[in-house]
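Q: Input: one structure, supplied below.
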Amino acid sequence: MKFSLVNGQREEALPNLSGKCPACDQTMIAKCGEVKIWHWAHKGRRTCDPWWENETEWHRAWKGQFPDSWQEIVHRTEDGEKHIADVKTDQGWVIEFQHSHIKPEERRSRDVFYRKLVWVVDATRRKTDAAQFRKALEASASVGSSPHIRRVRTDERGLLREWSFSPAPIFFDFGKGPTLWWLLARRAAEPAYVASFPRSDFIAIHHGMGPEGARDFDEFMRTIDELVASYNARFRSQASARTSVQPTVYQQYLLRRKVRRRL
Ligand SMILES: [Zn+2]
């Protein structure tokens, strides 16, 4: 973990420091070696949160986009279950940064536990993922008048198959570029959509500084839900395909952006 409680204050790991876990109150030892990033570990045992994954530089870089006070927030339910969210924003959204493989059951448990959850997935972990995703994009169909939103098949192996049907929004991070790829949540028998999405907008929206029509993440999700519903309606019926849907302010912004198809 990045933070531990030292004399009641959240502190980052420094050599020879010990602290207490903010979730279970057990002793934590600062691990300040040369191989792994400096972090805190529970003394003599594994972490108290079975959902916790060892942090990588990638985790730390993402967390660093948000204030310290939003990072590693302990969540407790009334029956005592507790987990440590990577980031919880002022708007009440939990952002989980997922590097390693996660079983579908655990993912569903987290979706239920946090309710307002966004996943950012490290899409660089497996070498095959970028190529598979690119192939899916090449075979994708444009939707409506937006070049950014594509209808994709998800029956191939890889990220799209693993993450489709998640009720929570998913953003794939393919590395250093300015673009994330967003997999729009769907229900069974509905198509899956992906959209390129500026990394800077993702961060700005969670800070309440998103573009007009999507100031904060709740507003953003409402807009997108409407957009997807209109696409699904078109997909289901030729008649509704001829009905023109008036885009909202944020949808217009999405449509106006320059096309970015490369990963
Ligand atoms: Zn603990």
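Going by the structure tokens order, chains are called A, B, ..., each with residues numbered from 1, while ligands are numbered from 1 in the order shown.
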Sorted by chain and rising residue number, which residues of chain A lie within 12 Å of ligand 1, and what are their closest atom pairs and distances in Å to one decimal, counting only C-alpha atoms and all ligand atoms, as CSV?
A:
residue,atom,partner,partner_atom_place_in_ligand_line,distance
A:Met1,CA,ligand 1,1 (Zn),9.6
A:Phe3,CA,ligand 1,1 (Zn),11.2
A:Ser4,CA,ligand 1,1 (Zn),9.4
A:Leu5,CA,ligand 1,1 (Zn),10.9
A:Gly19,CA,ligand 1,1 (Zn),10.7
A:Lys20,CA,ligand 1,1 (Zn),7.8
A:Cys21,CA,ligand 1,1 (Zn),4.6
A:Pro22,CA,ligand 1,1 (Zn),6.5
A:Ala23,CA,ligand 1,1 (Zn),4.9
A:Cys24,CA,ligand 1,1 (Zn),4.0
A:Asp25,CA,ligand 1,1 (Zn),6.1
A:Gln26,CA,ligand 1,1 (Zn),5.8
A:Thr27,CA,ligand 1,1 (Zn),8.1
A:Met28,CA,ligand 1,1 (Zn),8.0
A:Ile29,CA,ligand 1,1 (Zn),11.4
A:Trp40,CA,ligand 1,1 (Zn),10.2
A:Ala41,CA,ligand 1,1 (Zn),8.6
A:His42,CA,ligand 1,1 (Zn),6.5
A:Lys43,CA,ligand 1,1 (Zn),9.5
A:Gly44,CA,ligand 1,1 (Zn),11.5
A:Arg45,CA,ligand 1,1 (Zn),9.7
A:Arg46,CA,ligand 1,1 (Zn),8.7
A:Thr47,CA,ligand 1,1 (Zn),5.7
A:Cys48,CA,ligand 1,1 (Zn),4.3
A:Asp49,CA,ligand 1,1 (Zn),6.6
A:Pro50,CA,ligand 1,1 (Zn),10.0
A:Trp51,CA,ligand 1,1 (Zn),11.7
A:Trp52,CA,ligand 1,1 (Zn),10.1
A:Glu72,CA,ligand 1,1 (Zn),11.6
A:Val74,CA,ligand 1,1 (Zn),9.9
A:Lys82,CA,ligand 1,1 (Zn),9.8
A:His83,CA,ligand 1,1 (Zn),9.3
A:Ile84,CA,ligand 1,1 (Zn),9.1
Q: Run DSSP on the backbone and grab whatever in range 8-239 of chain A lands in helix (DSSP H, G or I); send it over as a PyMOL selection string.
A: chain A and resi 57-63+68-70+104-114+127-138+159-163+199-206+217-236+238-239
Q: Residues of range 132-162 of chain A that approach range 110-126 of chain A to 12 Å or less, counting only C-alpha atoms: could you list each one with the shortest pair of atoms and its distance in Å to one decimal, rows by chain and increasing residue number, as a Markdown table?
A:
| residue | atom | partner | partner_atom | distance |
| --- | --- | --- | --- | --- |
| A:Gln132 | CA | A:Arg126 | CA | 10.5 |
| A:Phe133 | CA | A:Ala123 | CA | 9.6 |
| A:Gly158 | CA | A:Arg126 | CA | 9.1 |
| A:Leu159 | CA | A:Ala123 | CA | 7.7 |
| A:Leu160 | CA | A:Ala123 | CA | 10.7 |
| A:Glu162 | CA | A:Val121 | CA | 11.2 |
Q: Could the residues in this selection be written to a file with N, CA and C atoms, as a compact mmCIF listing (two decimals), in the first residue's frame?
A:
# COMPACT_ATOMS: atom_id res chain seq x y z
N GLN A 132 -5.24 -7.96 -30.43
CA GLN A 132 -6.62 -8.45 -30.50
C GLN A 132 -7.61 -7.29 -30.54
N PHE A 133 -7.31 -6.29 -29.74
CA PHE A 133 -8.21 -5.14 -29.69
C PHE A 133 -8.21 -4.40 -31.03
N GLY A 158 -9.65 -12.47 -25.17
CA GLY A 158 -9.00 -11.21 -24.79
C GLY A 158 -9.87 -10.28 -23.98
N LEU A 159 -9.43 -9.03 -23.94
CA LEU A 159 -10.04 -8.04 -23.05
C LEU A 159 -11.53 -7.87 -23.25
N LEU A 160 -11.94 -7.78 -24.53
CA LEU A 160 -13.35 -7.47 -24.78
C LEU A 160 -14.26 -8.56 -24.27
N GLU A 162 -13.51 -10.71 -21.87
CA GLU A 162 -13.42 -10.79 -20.41
C GLU A 162 -14.21 -9.69 -19.70
Q: Using only C-alpha atoms, determine which residues lie at most 10 Å from Trp38 in chain A, disregarding the query and same-chain residues fewer than 4 positions distant; provide the list as number ranges by chain.
A: A: 1-2, 12-15, 30-34, 55
Q: Could those residues be written to a file, using C-alpha atoms, as a PDB file, in the first residue's frame?
A:
ATOM      1  CA  MET A   1       0.000   0.000   0.000  1.00  0.00           C
ATOM      2  CA  LYS A   2       1.057   3.577  -0.555  1.00  0.00           C
ATOM      3  CA  GLU A  12       4.132   7.129   2.527  1.00  0.00           C
ATOM      4  CA  ALA A  13       6.764   4.453   3.119  1.00  0.00           C
ATOM      5  CA  LEU A  14      10.237   5.597   4.170  1.00  0.00           C
ATOM      6  CA  PRO A  15      13.142   3.387   5.326  1.00  0.00           C
ATOM      7  CA  ALA A  30       7.827   0.145   5.224  1.00  0.00           C
ATOM      8  CA  LYS A  31       9.391  -1.827   2.360  1.00  0.00           C
ATOM      9  CA  CYS A  32      11.971   0.393   0.715  1.00  0.00           C
ATOM     10  CA  GLY A  33      14.033  -1.885  -1.506  1.00  0.00           C
ATOM     11  CA  GLU A  34      15.509  -1.416  -4.921  1.00  0.00           C
ATOM     12  CA  GLU A  55       1.042  -2.128  -6.759  1.00  0.00           C
TER      13      GLU A  55
END
Q: Can you tell me which residues surround Lys176 in chain A at a distance of at most 10 Å, considering only C-alpha atoms, apart from same-chain residues fewer than 3 positions away, and format the answer as a PyMOL selection string?
A: chain A and resi 173+179-180+199+263
Q: Quick one: pull the distance between CA of Met221 in chain A and CA of Ala189 in chain A, Å, one decimal.
A: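 It comes out at 21.1 Å.
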